[in-house]
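target-v3.tsv, holding TSV, C-alpha atoms and all ligand atoms:
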chain	number	residue	atom	x	y	z
A	15	MET	CA	-134.63	13.73	-127.40
A	16	ASN	CA	-134.84	9.99	-127.80
A	17	ARG	CA	-133.90	7.58	-125.05
A	18	ARG	CA	-130.63	6.49	-126.73
A	19	ILE	CA	-129.25	10.05	-126.92
A	20	LEU	CA	-130.30	10.67	-123.32
A	21	THR	CA	-128.44	7.54	-122.21
A	22	VAL	CA	-125.28	8.68	-124.05
A	23	ILE	CA	-125.47	12.14	-122.44
A	24	CYS	CA	-126.02	10.62	-118.98
A	25	ALA	CA	-123.07	8.25	-119.45
A	26	ALA	CA	-120.86	11.15	-120.57
A	27	LEU	CA	-121.91	13.21	-117.56
A	28	LEU	CA	-121.24	10.30	-115.21
A	29	GLY	CA	-117.81	9.85	-116.77
A	30	LEU	CA	-117.10	13.55	-116.24
A	31	VAL	CA	-118.20	13.40	-112.61
A	32	LEU	CA	-116.05	10.33	-111.99
A	33	SER	CA	-112.99	11.78	-113.70
A	34	VAL	CA	-113.36	15.05	-111.75
A	35	GLY	CA	-113.57	12.93	-108.59
A	36	ILE	CA	-110.36	11.14	-109.54
A	37	VAL	CA	-108.56	14.34	-110.55
A	38	ALA	CA	-109.70	15.99	-107.32
A	39	ALA	CA	-108.44	13.04	-105.30
A	40	PRO	CA	-104.91	12.25	-106.45
A	41	GLN	CA	-103.75	11.51	-102.90
A	42	GLY	CA	-105.13	7.99	-102.60
A	43	GLY	CA	-108.84	8.69	-102.25
A	44	ASN	CA	-111.42	11.44	-102.00
A	45	ASP	CA	-112.59	13.02	-98.73
A	46	ALA	CA	-115.27	10.43	-98.11
A	47	GLN	CA	-112.97	7.48	-98.85
A	48	ILE	CA	-110.19	8.80	-96.62
A	49	ASN	CA	-112.55	9.57	-93.75
A	50	ALA	CA	-114.21	6.16	-94.10
A	51	ALA	CA	-110.81	4.39	-94.05
A	52	LEU	CA	-109.75	6.27	-90.90
A	53	GLN	CA	-113.04	5.68	-89.10
A	54	ALA	CA	-113.06	1.98	-90.02
A	55	ALA	CA	-109.51	1.43	-88.70
A	56	TYR	CA	-110.27	3.44	-85.58
A	57	ALA	CA	-113.38	1.37	-84.80
A	58	LYS	CA	-111.75	-1.95	-85.68
A	59	TYR	CA	-108.82	-1.58	-83.25
A	60	LYS	CA	-110.33	0.64	-80.55
A	61	ASP	CA	-110.89	-2.24	-78.15
A	62	LEU	CA	-107.74	-4.19	-78.98
A	63	LYS	CA	-105.83	-4.97	-75.80
A	64	GLU	CA	-102.58	-6.44	-77.16
A	65	GLY	CA	-99.17	-5.05	-76.25
A	66	LYS	CA	-97.75	-3.16	-73.30
A	67	ASN	CA	-96.35	0.33	-72.71
A	68	ALA	CA	-92.56	0.59	-72.73
A	69	ASP	CA	-91.37	0.58	-69.12
A	70	TYR	CA	-87.55	0.62	-69.37
A	71	ILE	CA	-88.01	4.40	-69.36
A	72	PRO	CA	-90.08	4.67	-66.15
A	73	ALA	CA	-92.13	7.71	-67.27
A	74	LEU	CA	-93.43	5.84	-70.33
A	75	ALA	CA	-95.05	3.13	-68.18
A	76	LYS	CA	-97.32	5.80	-66.69
A	77	VAL	CA	-98.69	7.07	-70.03
A	78	ASN	CA	-102.39	6.30	-70.61
A	79	SER	CA	-102.48	3.09	-72.68
A	80	ASN	CA	-105.89	4.01	-74.09
A	81	ILE	CA	-104.62	7.00	-76.08
A	82	TYR	CA	-105.47	6.16	-79.69
A	83	GLY	CA	-105.27	8.84	-82.35
A	84	ILE	CA	-105.01	8.69	-86.13
A	85	ALA	CA	-104.10	11.53	-88.51
A	86	LEU	CA	-103.50	11.54	-92.25
A	87	VAL	CA	-102.20	14.60	-94.10
A	88	THR	CA	-102.16	14.57	-97.90
A	89	ALA	CA	-99.22	15.86	-99.90
A	90	ASP	CA	-101.36	18.89	-100.74
A	91	GLY	CA	-102.05	19.61	-97.09
A	92	LYS	CA	-105.53	18.25	-96.34
A	93	VAL	CA	-105.88	16.91	-92.80
A	94	TYR	CA	-108.04	13.94	-91.77
A	95	THR	CA	-108.27	12.62	-88.22
A	96	ALA	CA	-109.95	9.97	-86.09
A	97	GLY	CA	-109.89	9.39	-82.33
A	98	ASP	CA	-107.69	11.24	-79.87
A	99	ILE	CA	-105.51	13.73	-81.66
A	100	LYS	CA	-105.11	16.07	-78.65
A	101	SER	CA	-103.09	13.79	-76.36
A	102	GLU	CA	-99.34	14.09	-76.77
A	103	VAL	CA	-96.67	11.44	-76.32
A	104	SER	CA	-92.88	11.64	-76.54
A	105	ILE	CA	-91.64	11.29	-80.10
A	106	GLN	CA	-88.83	8.86	-79.10
A	107	SER	CA	-87.18	7.10	-82.04
A	108	ILE	CA	-89.30	8.86	-84.66
A	109	SER	CA	-86.98	11.80	-83.94
A	110	LYS	CA	-84.10	9.82	-85.46
A	111	VAL	CA	-85.52	10.37	-88.96
A	112	PHE	CA	-85.49	14.13	-88.56
A	113	THR	CA	-82.05	14.30	-86.99
A	114	MET	CA	-80.77	12.22	-89.90
A	115	ALA	CA	-82.51	14.67	-92.26
A	116	LYS	CA	-80.91	17.64	-90.52
A	117	VAL	CA	-77.41	16.17	-90.78
A	118	MET	CA	-78.05	15.62	-94.51
A	119	GLU	CA	-79.21	19.22	-94.85
A	120	GLU	CA	-76.02	20.44	-93.18
A	121	GLN	CA	-73.45	18.06	-94.66
A	122	GLY	CA	-75.05	16.39	-97.69
A	123	ALA	CA	-76.47	12.89	-98.07
A	124	ALA	CA	-73.05	11.23	-98.35
A	125	ALA	CA	-72.15	12.18	-94.77
A	126	ILE	CA	-74.63	9.73	-93.27
A	127	GLU	CA	-73.69	6.90	-95.60
A	128	LYS	CA	-69.95	7.38	-95.03
A	129	ARG	CA	-69.93	7.84	-91.26
A	130	ILE	CA	-72.80	5.58	-90.13
A	131	GLY	CA	-74.01	3.44	-93.02
A	132	VAL	CA	-77.43	2.79	-94.52
A	133	ASP	CA	-77.80	-0.94	-93.96
A	134	PRO	CA	-80.14	-2.85	-91.69
A	135	THR	CA	-78.70	-4.48	-88.57
A	136	GLY	CA	-81.51	-7.01	-88.16
A	137	MET	CA	-81.04	-6.55	-84.42
A	138	ARG	CA	-82.75	-4.66	-81.61
A	139	PHE	CA	-82.66	-0.87	-81.69
A	140	ASN	CA	-80.18	-0.63	-78.83
A	141	SER	CA	-78.01	-3.57	-79.80
A	142	ILE	CA	-74.31	-3.34	-78.96
A	143	VAL	CA	-73.67	-6.65	-80.73
A	144	ALA	CA	-74.80	-4.93	-83.96
A	145	VAL	CA	-71.96	-2.40	-83.56
A	146	GLU	CA	-69.43	-5.09	-82.75
A	147	PHE	CA	-70.60	-7.20	-85.68
A	148	ALA	CA	-70.35	-4.29	-88.11
A	149	GLN	CA	-66.96	-3.27	-86.76
A	150	LYS	CA	-65.29	-6.64	-86.43
A	151	LEU	CA	-66.85	-8.62	-89.27
A	152	LEU	CA	-67.92	-6.00	-91.79
A	153	GLY	CA	-65.16	-3.56	-90.97
A	154	GLY	CA	-66.86	-0.18	-91.09
A	155	PRO	CA	-69.96	1.98	-91.30
A	156	GLU	CA	-72.48	-0.75	-91.89
A	157	ILE	CA	-75.33	0.23	-89.57
A	158	ASN	CA	-77.86	3.06	-89.99
A	159	PRO	CA	-79.03	6.28	-88.28
A	160	LEU	CA	-82.33	4.78	-87.08
A	161	VAL	CA	-80.84	2.42	-84.48
A	162	ASN	CA	-79.47	3.93	-81.27
A	163	PRO	CA	-75.73	3.71	-82.08
A	164	GLY	CA	-76.28	5.34	-85.49
A	165	ALA	CA	-78.77	7.84	-84.09
A	166	ILE	CA	-76.45	8.99	-81.29
A	167	THR	CA	-73.69	9.31	-83.89
A	168	ALA	CA	-75.99	11.38	-86.14
A	169	THR	CA	-76.81	13.67	-83.21
A	170	SER	CA	-73.05	14.09	-82.59
A	171	MET	CA	-72.70	15.33	-86.19
A	172	LEU	CA	-75.14	18.26	-85.83
A	173	ALA	CA	-73.65	21.71	-86.37
A	174	GLY	CA	-73.64	24.34	-83.61
A	175	ALA	CA	-71.26	26.33	-81.44
A	176	ASN	CA	-72.38	24.70	-78.18
A	177	ARG	CA	-75.02	22.37	-76.73
A	178	ASN	CA	-77.60	25.12	-76.46
A	179	ALA	CA	-77.13	26.25	-80.06
A	180	ILE	CA	-77.29	22.68	-81.39
A	181	TRP	CA	-80.47	21.97	-79.42
A	182	LYS	CA	-82.22	25.20	-80.43
A	183	SER	CA	-81.48	24.56	-84.07
A	184	LEU	CA	-82.61	20.91	-83.87
A	185	LEU	CA	-85.89	21.72	-82.11
A	186	GLY	CA	-86.49	24.49	-84.67
A	187	PHE	CA	-86.00	21.98	-87.48
A	188	TYR	CA	-88.45	19.48	-85.93
A	189	SER	CA	-90.91	22.35	-85.44
A	190	ASP	CA	-90.60	23.36	-89.10
A	191	CYS	CA	-91.38	19.78	-90.10
A	192	ALA	CA	-94.44	19.72	-87.80
A	193	GLY	CA	-95.59	23.22	-88.75
A	194	ARG	CA	-95.83	24.41	-85.15
A	195	SER	CA	-93.51	25.21	-82.29
A	196	LEU	CA	-92.77	21.94	-80.45
A	197	GLY	CA	-91.55	21.51	-76.88
A	198	ILE	CA	-90.28	18.68	-74.73
A	199	ASN	CA	-91.91	16.51	-72.05
A	200	LYS	CA	-89.65	17.37	-69.10
A	201	GLU	CA	-90.71	14.35	-67.06
A	202	VAL	CA	-89.79	11.96	-69.88
A	203	PHE	CA	-86.47	13.74	-70.46
A	204	LYS	CA	-85.55	13.45	-66.78
A	205	SER	CA	-86.75	9.86	-66.51
A	206	GLU	CA	-84.72	8.77	-69.54
A	207	SER	CA	-81.67	10.83	-68.48
A	208	ASP	CA	-81.73	9.04	-65.11
A	209	THR	CA	-81.85	5.60	-66.72
A	210	ASN	CA	-79.97	5.88	-70.04
A	211	GLN	CA	-76.69	4.27	-68.96
A	212	ARG	CA	-76.87	1.82	-71.86
A	213	ASN	CA	-77.15	4.67	-74.37
A	214	GLN	CA	-74.24	6.42	-72.65
A	215	ALA	CA	-72.23	3.22	-73.09
A	216	ILE	CA	-73.28	3.09	-76.76
A	217	GLY	CA	-72.15	6.71	-77.17
A	218	TYR	CA	-68.77	5.85	-75.68
A	219	LEU	CA	-68.45	2.73	-77.83
A	220	MET	CA	-69.12	4.79	-80.97
A	221	TYR	CA	-66.50	7.27	-79.74
A	222	ALA	CA	-64.01	4.46	-79.11
A	223	TYR	CA	-64.51	3.28	-82.71
A	224	GLU	CA	-64.21	6.92	-83.90
A	225	PHE	CA	-67.69	7.18	-85.39
A	226	ILE	CA	-68.31	9.94	-82.82
A	227	LYS	CA	-65.47	12.46	-82.98
A	228	SER	CA	-65.90	14.21	-79.61
A	229	GLU	CA	-68.07	14.59	-76.50
A	230	PRO	CA	-70.01	11.31	-76.66
A	231	LEU	CA	-71.93	12.10	-73.46
A	232	ARG	CA	-73.10	15.42	-74.89
A	233	ALA	CA	-74.35	13.61	-78.00
A	234	THR	CA	-76.21	11.07	-75.86
A	235	ASP	CA	-77.71	13.87	-73.78
A	236	ILE	CA	-78.98	15.78	-76.84
A	237	TYR	CA	-80.25	12.50	-78.30
A	238	THR	CA	-82.14	11.84	-75.06
A	239	GLU	CA	-83.68	15.30	-75.17
A	240	GLN	CA	-84.70	14.92	-78.83
A	241	CYS	CA	-86.52	11.69	-77.88
A	242	SER	CA	-88.58	13.61	-75.29
A	243	VAL	CA	-90.10	16.06	-77.81
A	244	SER	CA	-93.85	16.05	-77.24
A	245	VAL	CA	-96.19	15.46	-80.20
A	246	ASN	CA	-99.78	14.58	-81.03
A	247	ALA	CA	-100.91	12.44	-83.95
A	248	LYS	CA	-101.47	15.45	-86.20
A	249	ASP	CA	-97.96	16.81	-85.55
A	250	LEU	CA	-96.52	13.46	-86.55
A	251	ALA	CA	-98.73	13.22	-89.64
A	252	VAL	CA	-97.58	16.67	-90.83
A	253	MET	CA	-93.96	15.58	-90.28
A	254	ALA	CA	-94.64	12.44	-92.32
A	255	ALA	CA	-96.44	14.47	-95.00
A	256	THR	CA	-93.39	16.75	-95.26
A	257	LEU	CA	-91.45	13.62	-96.25
A	258	ALA	CA	-94.28	12.55	-98.60
A	259	ASN	CA	-94.17	15.95	-100.31
A	260	GLY	CA	-90.52	16.16	-101.35
A	261	GLY	CA	-89.44	17.86	-98.10
A	262	LYS	CA	-91.92	20.73	-98.34
A	263	ASN	CA	-94.29	20.99	-95.37
A	264	PRO	CA	-97.70	20.84	-97.06
A	265	ALA	CA	-99.35	22.81	-94.26
A	266	SER	CA	-96.90	25.72	-93.91
A	267	LYS	CA	-95.57	25.43	-97.50
A	268	LYS	CA	-92.01	25.80	-96.16
A	269	GLN	CA	-89.33	23.74	-97.93
A	270	VAL	CA	-87.73	22.19	-94.84
A	271	ILE	CA	-85.71	19.35	-96.38
A	272	LYS	CA	-84.02	19.41	-99.78
A	273	PRO	CA	-85.97	17.26	-102.26
A	274	GLU	CA	-82.80	15.38	-103.22
A	275	ASN	CA	-82.38	14.12	-99.64
A	276	ILE	CA	-85.85	12.58	-99.42
A	277	PRO	CA	-85.22	9.31	-101.37
A	278	GLY	CA	-82.31	8.39	-99.08
A	279	ILE	CA	-84.30	9.17	-95.95
A	280	LEU	CA	-87.25	7.07	-97.14
A	281	ALA	CA	-84.90	4.25	-98.15
A	282	VAL	CA	-83.42	4.02	-94.66
A	283	MET	CA	-86.91	4.19	-93.12
A	284	SER	CA	-87.88	1.28	-95.38
A	285	ILE	CA	-85.02	-0.97	-94.30
A	286	ALA	CA	-84.82	-0.02	-90.62
A	287	GLY	CA	-87.86	2.00	-89.51
A	288	LEU	CA	-89.43	-0.78	-87.47
A	289	TYR	CA	-86.11	-2.32	-86.40
A	290	ASP	CA	-85.90	-6.09	-86.56
A	291	ASP	CA	-89.51	-6.18	-87.81
A	292	SER	CA	-88.86	-3.80	-90.73
A	293	GLY	CA	-89.08	-6.60	-93.29
A	294	LYS	CA	-92.43	-7.83	-92.00
A	295	TRP	CA	-93.72	-4.28	-91.94
A	296	LEU	CA	-92.61	-3.55	-95.51
A	297	TYR	CA	-94.04	-6.84	-96.72
A	298	HIS	CA	-97.50	-5.87	-95.51
A	299	SER	CA	-97.50	-2.10	-96.07
A	300	GLY	CA	-94.82	-1.22	-98.64
A	301	LEU	CA	-94.39	2.05	-96.75
A	302	PRO	CA	-91.26	3.75	-95.39
A	303	ALA	CA	-92.09	4.22	-91.71
A	304	LYS	CA	-90.64	4.87	-88.27
A	305	SER	CA	-91.80	3.83	-84.85
A	306	GLY	CA	-91.07	5.18	-81.38
A	307	VAL	CA	-91.40	3.53	-77.96
A	308	GLY	CA	-93.72	6.39	-76.95
A	309	GLY	CA	-96.33	4.61	-79.09
A	310	GLY	CA	-96.23	6.62	-82.30
A	311	ILE	CA	-95.61	5.40	-85.83
A	312	ILE	CA	-95.30	7.57	-88.93
A	313	ALA	CA	-95.55	6.18	-92.46
A	314	VAL	CA	-95.10	7.82	-95.84
A	315	SER	CA	-96.84	7.12	-99.12
A	316	PRO	CA	-94.53	9.12	-101.42
A	317	GLY	CA	-96.35	11.86	-103.31
A	318	LYS	CA	-99.65	10.88	-101.69
A	319	PHE	CA	-99.82	11.23	-97.91
A	320	GLY	CA	-98.16	11.03	-94.53
A	321	ILE	CA	-99.98	9.13	-91.81
A	322	ALA	CA	-99.41	8.81	-88.07
A	323	VAL	CA	-101.03	6.75	-85.35
A	324	ILE	CA	-100.39	7.03	-81.62
A	325	SER	CA	-101.18	4.15	-79.27
A	326	PRO	CA	-98.66	3.37	-76.49
A	327	PRO	CA	-98.91	-0.44	-76.09
A	328	LEU	CA	-96.00	-2.05	-77.97
A	329	ASP	CA	-95.17	-5.51	-79.29
A	330	ALA	CA	-91.97	-7.42	-78.51
A	331	ALA	CA	-89.96	-5.53	-81.17
A	332	GLY	CA	-90.92	-2.17	-79.60
A	333	ASN	CA	-93.52	-1.10	-82.19
A	334	SER	CA	-97.08	0.08	-81.40
A	335	VAL	CA	-99.53	-2.76	-82.00
A	336	ARG	CA	-102.58	-0.69	-82.92
A	337	ALA	CA	-100.56	1.80	-84.97
A	338	GLN	CA	-99.14	-0.94	-87.20
A	339	LYS	CA	-102.53	-2.50	-87.83
A	340	ALA	CA	-104.38	0.77	-88.38
A	341	ILE	CA	-101.79	2.19	-90.80
A	342	ILE	CA	-101.70	-0.99	-92.89
A	343	ASP	CA	-105.52	-1.07	-93.17
A	344	ILE	CA	-105.83	2.62	-94.03
A	345	SER	CA	-102.99	2.71	-96.52
A	346	ASN	CA	-104.12	-0.44	-98.30
A	347	ALA	CA	-107.70	0.89	-98.49
A	348	LEU	CA	-106.40	4.07	-100.13
A	349	GLY	CA	-103.91	2.48	-102.52
A	350	GLY	CA	-100.96	3.85	-100.55
A	351	ASN	CA	-98.55	0.96	-101.19
A	352	PRO	CA	-96.10	2.16	-103.87
A	353	PHE	CA	-95.27	-1.45	-104.84
A	354	ALA	CA	-98.90	-2.29	-105.67
A	355	VAL	CA	-99.54	-1.35	-109.30
A	356	LYS	CA	-102.32	-2.23	-111.69
A	357	PRO	CA	-100.99	-4.13	-114.73
A	358	LYS	CA	-101.11	-2.03	-117.93
B	1	LIG	O1	-83.05	5.42	-76.79
B	1	LIG	C1	-84.10	4.88	-76.45
B	1	LIG	O2	-84.11	3.76	-75.98
B	1	LIG	C2	-85.38	5.63	-76.64
B	1	LIG	N1	-85.19	7.03	-76.35
B	1	LIG	C3	-85.89	5.50	-78.03
B	1	LIG	C4	-86.08	4.07	-78.47
B	1	LIG	C5	-87.18	3.88	-79.42
B	1	LIG	O3	-88.08	4.68	-79.56
B	1	LIG	C6	-87.21	2.61	-80.15
B	1	LIG	N2	-88.46	2.53	-80.89
B	1	LIG	N3	-89.18	1.73	-81.26
Output the file's structure in the form of structure tokens.
Ligand code: DON
Amino acid sequence: MNRRILTVICAALLGLVLSVGIVAAPQGGNDAQINAALQAAYAKYKDLKEGKNADYIPALAKVNSNIYGIALVTADGKVYTAGDIKSEVSIQSISKVFTMAKVMEEQGAAAIEKRIGVDPTGMRFNSIVAVEFAQKLLGGPEINPLVNPGAITATSMLAGANRNAIWKSLLGFYSDCAGRSLGINKEVFKSESDTNQRNQAIGYLMYAYEFIKSEPLRATDIYTEQCSVSVNAKDLAVMAATLANGGKNPASKKQVIKPENIPGILAVMSIAGLYDDSGKWLYHSGLPAKSGVGGGIIAVSPGKFGIAVISPPLDAAGNSVRAQKAIIDISNALGGNPFAVKPK
């Protein structure tokens, strides 16, 4: 065989190997690339000391600020992790996404848009001015289910004969999204229940304006309990991957959310997932995401992967500092931004 033919055969073989690699790695990278991206982000931000634990819920101030875990789950169910994925934190506002999803499962996507709205407030997550502004100046359901007034309203819309039945069904739904049986952090639930007078006032305000139809204090109480659900980084990544995979949990293979509800959920996460910093976040990541004051953030690269990072210290808007940085680095390294396309 002359050298020219050998070169052609070698090139063809190389092409085959590369194309197999690409076909085998449709989720934004192959095993080595994904692991390298996670390890690089873990190492880069491990010693970062910016931000501060939330302390308006006293139990959150006591959580170890050094917890730092990263998990990425592909839409076909492969799990990649870096750092501390054993430690659990309270899910906090990340729960709002899944309560919104459950209401849509029960009542259809229009229910959320009609009763609450799907627009950004541009204000803090527990803003009362945002409600007044929407009510007085915009004249209706012009907020969204990812800020506290909308979230407490969404919780009030859940189906169930009594508080116990509603709670059991909600926790079961979260568990289906995570692929394991979740529980609550009792200390966080008590601590927030003892100090949630502002959320109780928000519940009553939403009742006064007839967004909440009955029992505003019960809705606030269930909302407070949903925020205390205890999760590790892998749980959150599986929940995010369920959203990335058309509502089907890629680990358990259970269809938890109807595929037709996913675009609306991801749209609201895009405009309001990181509250008043949602625009900045989307500008840098392009990813629908949701943060919680427990220190977790989930983000979704549709059709590719769900990613979650836990690190309790927060910035001024209430979003985990390390989680934002790590997710942006990892997603950009893996081509996760759906807005970034190669010109044809
Ligand atoms: O209602 C609250 O204030 C908390 N249970 C949840 C707030 C939250 O997580 C905002 N997230 N960044």
Near-Gln47 (chain A) list (10 Å; all atoms listed in the file; drop same-chain fewer than 6 positions) as a VMD selection string: chain A and resid 39 53 344 347 to 348
Option closest in space to ligand LIG 1 (chain B), from A:Lys182, A:His298, A:Lys318, A:Lys204 [counting all atoms listed in the file]: A:Lys204
Selection within 7 Å of ligand LIG 1 (chain B) by all atoms listed in the file, output as a PyMOL selection string: chain A and resi 106-108+139-140+162+213+238+241+288+305-308+332-333
List as a tab-separated table every residue of region 192-281 of chain A that is in contact with region 81-95 of chain A, defined as an atom at most 7 Å from one of its atoms (using all atoms listed in the file), together with the nearest atom pair and the distance in Å rounded to one decimal, sorted by chain and then rising number.
residue	atom	partner	partner_atom	distance
A:Ala247	CA	A:Ala85	CA	5.6
A:Lys248	CA	A:Ala85	CA	5.3
A:Ala251	CA	A:Leu86	CA	5.7
A:Val252	CA	A:Val87	CA	6.0
A:Ala255	CA	A:Ala89	CA	5.8
A:Ala258	CA	A:Ala89	CA	6.1
A:Asn259	CA	A:Ala89	CA	5.1
A:Pro264	CA	A:Gly91	CA	4.5
A:Ala265	CA	A:Gly91	CA	5.1
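Taking CA of Ala322 (chain A) and CA of Pro163 (chain A) as the two end points, the separation is 25.0 Å.
Among the candidates A:Gly197, A:Gly261, A:Pro277, A:Gly300, the one nearest to Ser345 (chain A) when counting all atoms listed in the file is A:Gly300.
The coordinates place CA of Thr234 (chain A) at 20.2 Å from CA of Thr135 (chain A).
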Counting all atoms listed in the file, the residue of A:Trp295, A:Phe187, A:Tyr237, A:Tyr218 that sits nearest Ile142 (chain A): A:Tyr218
Interatomic distance, CA of Leu328 (chain A) to CA of Gly309 (chain A) (Å, one decimal):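 Interatomic distance, CA of Leu328 (chain A) to CA of Gly309 (chain A): 6.8 Å.
Residue nearest Tyr221 (chain A) within the list A:Asn178, A:Val145, A:Gly350, A:Ala57: A:Val145 [criterion: smallest interatomic distance, only C-alpha atoms].
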Using all atoms listed in the file, what table do you get, as a tab-separated table, when you list each residue of region 153-226 of chain A with an atom no more than 12 Å from region 64-70 of chain A, its nearest pair of atoms, and their distance in Å rounded to one decimal, rows by chain then rising number?
residue	atom	partner	partner_atom	distance
A:Val202	CA	A:Asp69	CA	11.5
A:Ser205	CA	A:Tyr70	CA	9.7
A:Glu206	CA	A:Tyr70	CA	8.6
A:Ser207	CA	A:Tyr70	CA	11.8
A:Asp208	CA	A:Tyr70	CA	11.1
A:Thr209	CA	A:Tyr70	CA	8.0
A:Asn210	CA	A:Tyr70	CA	9.3
A:Gln211	CA	A:Tyr70	CA	11.5
A:Arg212	CA	A:Tyr70	CA	11.0
Centre and edges of the region 152-168 of chain A box, axis-aligned, 5 Å extra per side, as lines of an AutoDock Vina configuration file:
center_x = -73.7
center_y = 2.7
center_z = -86.6
size_x = 27.2
size_y = 27.4
size_z = 20.6
Ile157 (chain A) surroundings by all atoms listed in the file, 8 Å radius, close-in-sequence under 4 positions cut, as a PyMOL selection string: chain A and resi 130-135+144-145+148+161+164
A:Ile324, A:Val282, A:Ile180, A:Ile342 ranked by distance to Gln240 (chain A), top pick (using all atoms listed in the file):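 Ranked by minimum distance to Gln240 (chain A), first place goes to A:Ile180.
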Nearest residue to Gly320 (chain A) from the set A:Ser109, A:Ser266, A:Thr256, A:Asn351 (distances using only C-alpha atoms):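 Looking at the shortest contact to Gly320 (chain A), the residue is A:Thr256.
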